[in-house]
Amino acid sequence: MARYTGPVCRLCRREGMKLFLKGARCFSDKCAIEKRNFPPGQHGQSRKAKIVGYGLQLREKQKAKRIYFALESQFRAYYEHAAKTPGVTGELLIQQLERRLDNVAFRLGFATSRRQARQIVRHGHVQVNGRKVNIPSFQVSVGDEIAIREGSKNLTILETAKDFNVQTQVRWIEIDRDGLKGKITGLPKREDVNLPVNEQLIVELYSK
């Protein structure tokens, strides 16, 4: 299965902002943006090119892809599906990204980052409506119940994540933190998603 396996912190440095890809580390002094807030590479400190037009659109797409750990082929498929669906294309694109199972596991507090949530899903610790699902890109629907499998509830990583996400609230998910489960009560709206991305620029990029 294709996936990014390189250093994660350099992705934040490339975008010049925190994408919160490593959970608690992103809130500490060890965060790469705090220590080296310039693009990675040999000429990172000297490269200060002005980004306009296509460059701005590309950067917004790259940010969204990196936040949700989606491949280019997956991301384009999300856009094409959103473009064919009645409604605001950009909002529908964000909605599909939010409905990914790894993102939902992160929203439920099963992990401290989407990357960690992806690993939990891939290792078969998550079930949807009582059945194990190990596909991170699986799209959840309204009424679905997502939970940690009974045999996985003693994982240390879940206790750490539970304390880390203790105050997190998600309006479109009914969360039972003690039971390590949740239910999808609606579809995510743009105002429900705190995302540092201008999705309209992404739509403009793909619609050329």
# chains A, B, ... in the order shown; residues from 1 in each chain; ligands from 1
$ residues_around --residues "Ile94 of chain A" --least-positions-apart "3" --cutoff "9 Å" --atoms "only C-alpha atoms" --output "number ranges by chain"
A: 64, 78, 89-91, 97-99, 188-190, 193, 199
$ residues_around --residues "His81 of chain A" --least-positions-apart "2" --cutoff "12 Å" --atoms "only C-alpha atoms" --output "PyMOL selection string"
chain A and resi 74-79+83-97
$ residues_around --residues "Glu174 of chain A" --least-positions-apart "2" --cutoff "10 Å" --atoms "only C-alpha atoms" --output "ChimeraX atom specification"
/A:108,145,169-172,176-177,181-186
$ write_last_selection --atoms "N, CA, C and O atoms" --output "tab-separated table (two decimals), in the first residue's frame"
chain	number	residue	atom	x	y	z
A	108	LEU	N	-12.79	11.02	17.50
A	108	LEU	CA	-13.36	10.31	18.64
A	108	LEU	C	-12.39	10.26	19.83
A	108	LEU	O	-12.78	9.85	20.93
A	145	GLU	N	-21.91	3.34	13.86
A	145	GLU	CA	-21.32	3.32	15.20
A	145	GLU	C	-19.88	2.84	15.08
A	145	GLU	O	-19.62	1.75	14.57
A	169	GLN	N	-14.66	18.49	21.36
A	169	GLN	CA	-16.07	18.27	21.06
A	169	GLN	C	-16.28	18.31	19.55
A	169	GLN	O	-15.72	19.16	18.86
A	170	VAL	N	-17.10	17.39	19.05
A	170	VAL	CA	-17.39	17.32	17.62
A	170	VAL	C	-18.91	17.30	17.46
A	170	VAL	O	-19.57	16.37	17.94
A	171	ARG	N	-19.45	18.31	16.79
A	171	ARG	CA	-20.90	18.45	16.75
A	171	ARG	C	-21.62	17.36	15.96
A	171	ARG	O	-22.78	17.08	16.21
A	172	TRP	N	-20.92	16.73	15.00
A	172	TRP	CA	-21.60	15.74	14.16
A	172	TRP	C	-21.34	14.30	14.61
A	172	TRP	O	-21.77	13.36	13.95
A	176	ASP	N	-18.68	8.77	23.18
A	176	ASP	CA	-18.68	8.11	24.49
A	176	ASP	C	-17.22	7.79	24.81
A	176	ASP	O	-16.70	6.74	24.42
A	177	ARG	N	-16.55	8.70	25.51
A	177	ARG	CA	-15.12	8.53	25.76
A	177	ARG	C	-14.82	7.34	26.66
A	177	ARG	O	-13.85	6.62	26.44
A	181	LYS	N	-16.17	4.66	22.08
A	181	LYS	CA	-17.03	4.50	20.91
A	181	LYS	C	-17.74	5.81	20.59
A	181	LYS	O	-17.68	6.77	21.37
A	182	GLY	N	-18.41	5.84	19.46
A	182	GLY	CA	-19.14	7.02	19.06
A	182	GLY	C	-20.11	6.71	17.94
A	182	GLY	O	-20.03	5.63	17.33
A	183	LYS	N	-21.03	7.63	17.68
A	183	LYS	CA	-22.02	7.43	16.64
A	183	LYS	C	-22.09	8.67	15.76
A	183	LYS	O	-22.09	9.79	16.26
A	184	ILE	N	-22.15	8.45	14.45
A	184	ILE	CA	-22.24	9.56	13.50
A	184	ILE	C	-23.69	10.05	13.49
A	184	ILE	O	-24.59	9.32	13.09
A	185	THR	N	-23.90	11.28	13.96
A	185	THR	CA	-25.25	11.81	14.06
A	185	THR	C	-25.62	12.75	12.92
A	185	THR	O	-26.77	13.17	12.79
A	186	GLY	N	-24.66	13.10	12.08
A	186	GLY	CA	-24.93	13.99	10.96
A	186	GLY	C	-23.70	14.10	10.09
A	186	GLY	O	-22.65	13.52	10.39
$ select_by_dssp --residues "segment 133-193 of chain A" --states "strand (DSSP E or B)" --output "short mmCIF file (atom, residue, chain, number, x, y, z; two decimals) with C-alpha atoms, in the first residue's frame"
data_model
loop_
_atom_site.label_atom_id
_atom_site.label_comp_id
_atom_site.auth_asym_id
_atom_site.auth_seq_id
_atom_site.Cartn_x
_atom_site.Cartn_y
_atom_site.Cartn_z
CA GLN A 139 -16.25 6.55 4.37
CA GLU A 145 -21.32 3.32 15.20
CA ILE A 146 -17.54 3.36 15.49
CA ALA A 147 -15.80 1.69 18.41
CA ILE A 148 -12.54 0.16 19.57
CA ILE A 173 -20.40 12.83 16.31
CA GLU A 174 -21.90 11.56 19.56
CA ILE A 175 -18.84 10.61 21.62
CA ASP A 176 -18.68 8.11 24.49
CA LYS A 181 -17.03 4.50 20.91
CA GLY A 182 -19.14 7.02 19.06
CA LYS A 183 -22.02 7.43 16.64
CA ILE A 184 -22.24 9.56 13.50
#
$ closest_residue --among "A:Ala117, A:Leu155, A:Ala82, A:Ala161" --to "Ile135 of chain A" --atoms "only C-alpha atoms"
A:Ala117
$ atom_distance --atom1 "atom CA of Thr160 of chain A" --atom2 "atom CA of His123 of chain A"
17.7 Å
$ closest_residue --among "A:Ser152, A:Asn103, A:Gln62, A:Thr112" --to "Gly124 of chain A" --atoms "only C-alpha atoms"
A:Ser152
$ select_by_dssp --residues "segment 42-130 of chain A" --states "alpha helix (DSSP H)" --output "PyMOL selection string"
chain A and resi 54-68+72-84+89-98+101-107+114-122
$ residues_around --residues "Lys61 of chain A" --least-positions-apart "2" --cutoff "8 Å" --atoms "only C-alpha atoms" --output "VMD selection string"
chain A and resid 57 to 59 63 to 65 199 201 to 202
$ closest_residue --among "A:Gln200, A:Leu187, A:Asp192, A:Lys162" --to "Ser113 of chain A" --atoms "only C-alpha atoms"
A:Lys162
$ residues_around --residues "Pro136 of chain A" --least-positions-apart "5" --cutoff "6 Å" --atoms "only C-alpha atoms" --output "PDB file with N, CA, C and O atoms, in the first residue's frame"
ATOM      1  N   LEU A 101     -12.427   7.121   7.864  1.00  0.00           N
ATOM      2  CA  LEU A 101     -12.446   6.413   9.137  1.00  0.00           C
ATOM      3  C   LEU A 101     -11.276   6.805  10.025  1.00  0.00           C
ATOM      4  O   LEU A 101     -11.441   6.938  11.251  1.00  0.00           O
ATOM      5  N   ASP A 102     -10.105   7.014   9.448  1.00  0.00           N
ATOM      6  CA  ASP A 102      -8.962   7.396  10.289  1.00  0.00           C
ATOM      7  C   ASP A 102      -9.189   8.774  10.911  1.00  0.00           C
ATOM      8  O   ASP A 102      -8.845   9.010  12.069  1.00  0.00           O
ATOM      9  N   ARG A 118      -4.609   6.545  11.858  1.00  0.00           N
ATOM     10  CA  ARG A 118      -4.487   5.709  10.666  1.00  0.00           C
ATOM     11  C   ARG A 118      -3.854   4.375  11.020  1.00  0.00           C
ATOM     12  O   ARG A 118      -4.291   3.309  10.551  1.00  0.00           O
ATOM     13  N   VAL A 121      -6.323   2.113  12.874  1.00  0.00           N
ATOM     14  CA  VAL A 121      -7.278   1.507  11.941  1.00  0.00           C
ATOM     15  C   VAL A 121      -6.616   0.386  11.146  1.00  0.00           C
ATOM     16  O   VAL A 121      -7.173  -0.715  11.026  1.00  0.00           O
TER      17      VAL A 121
END
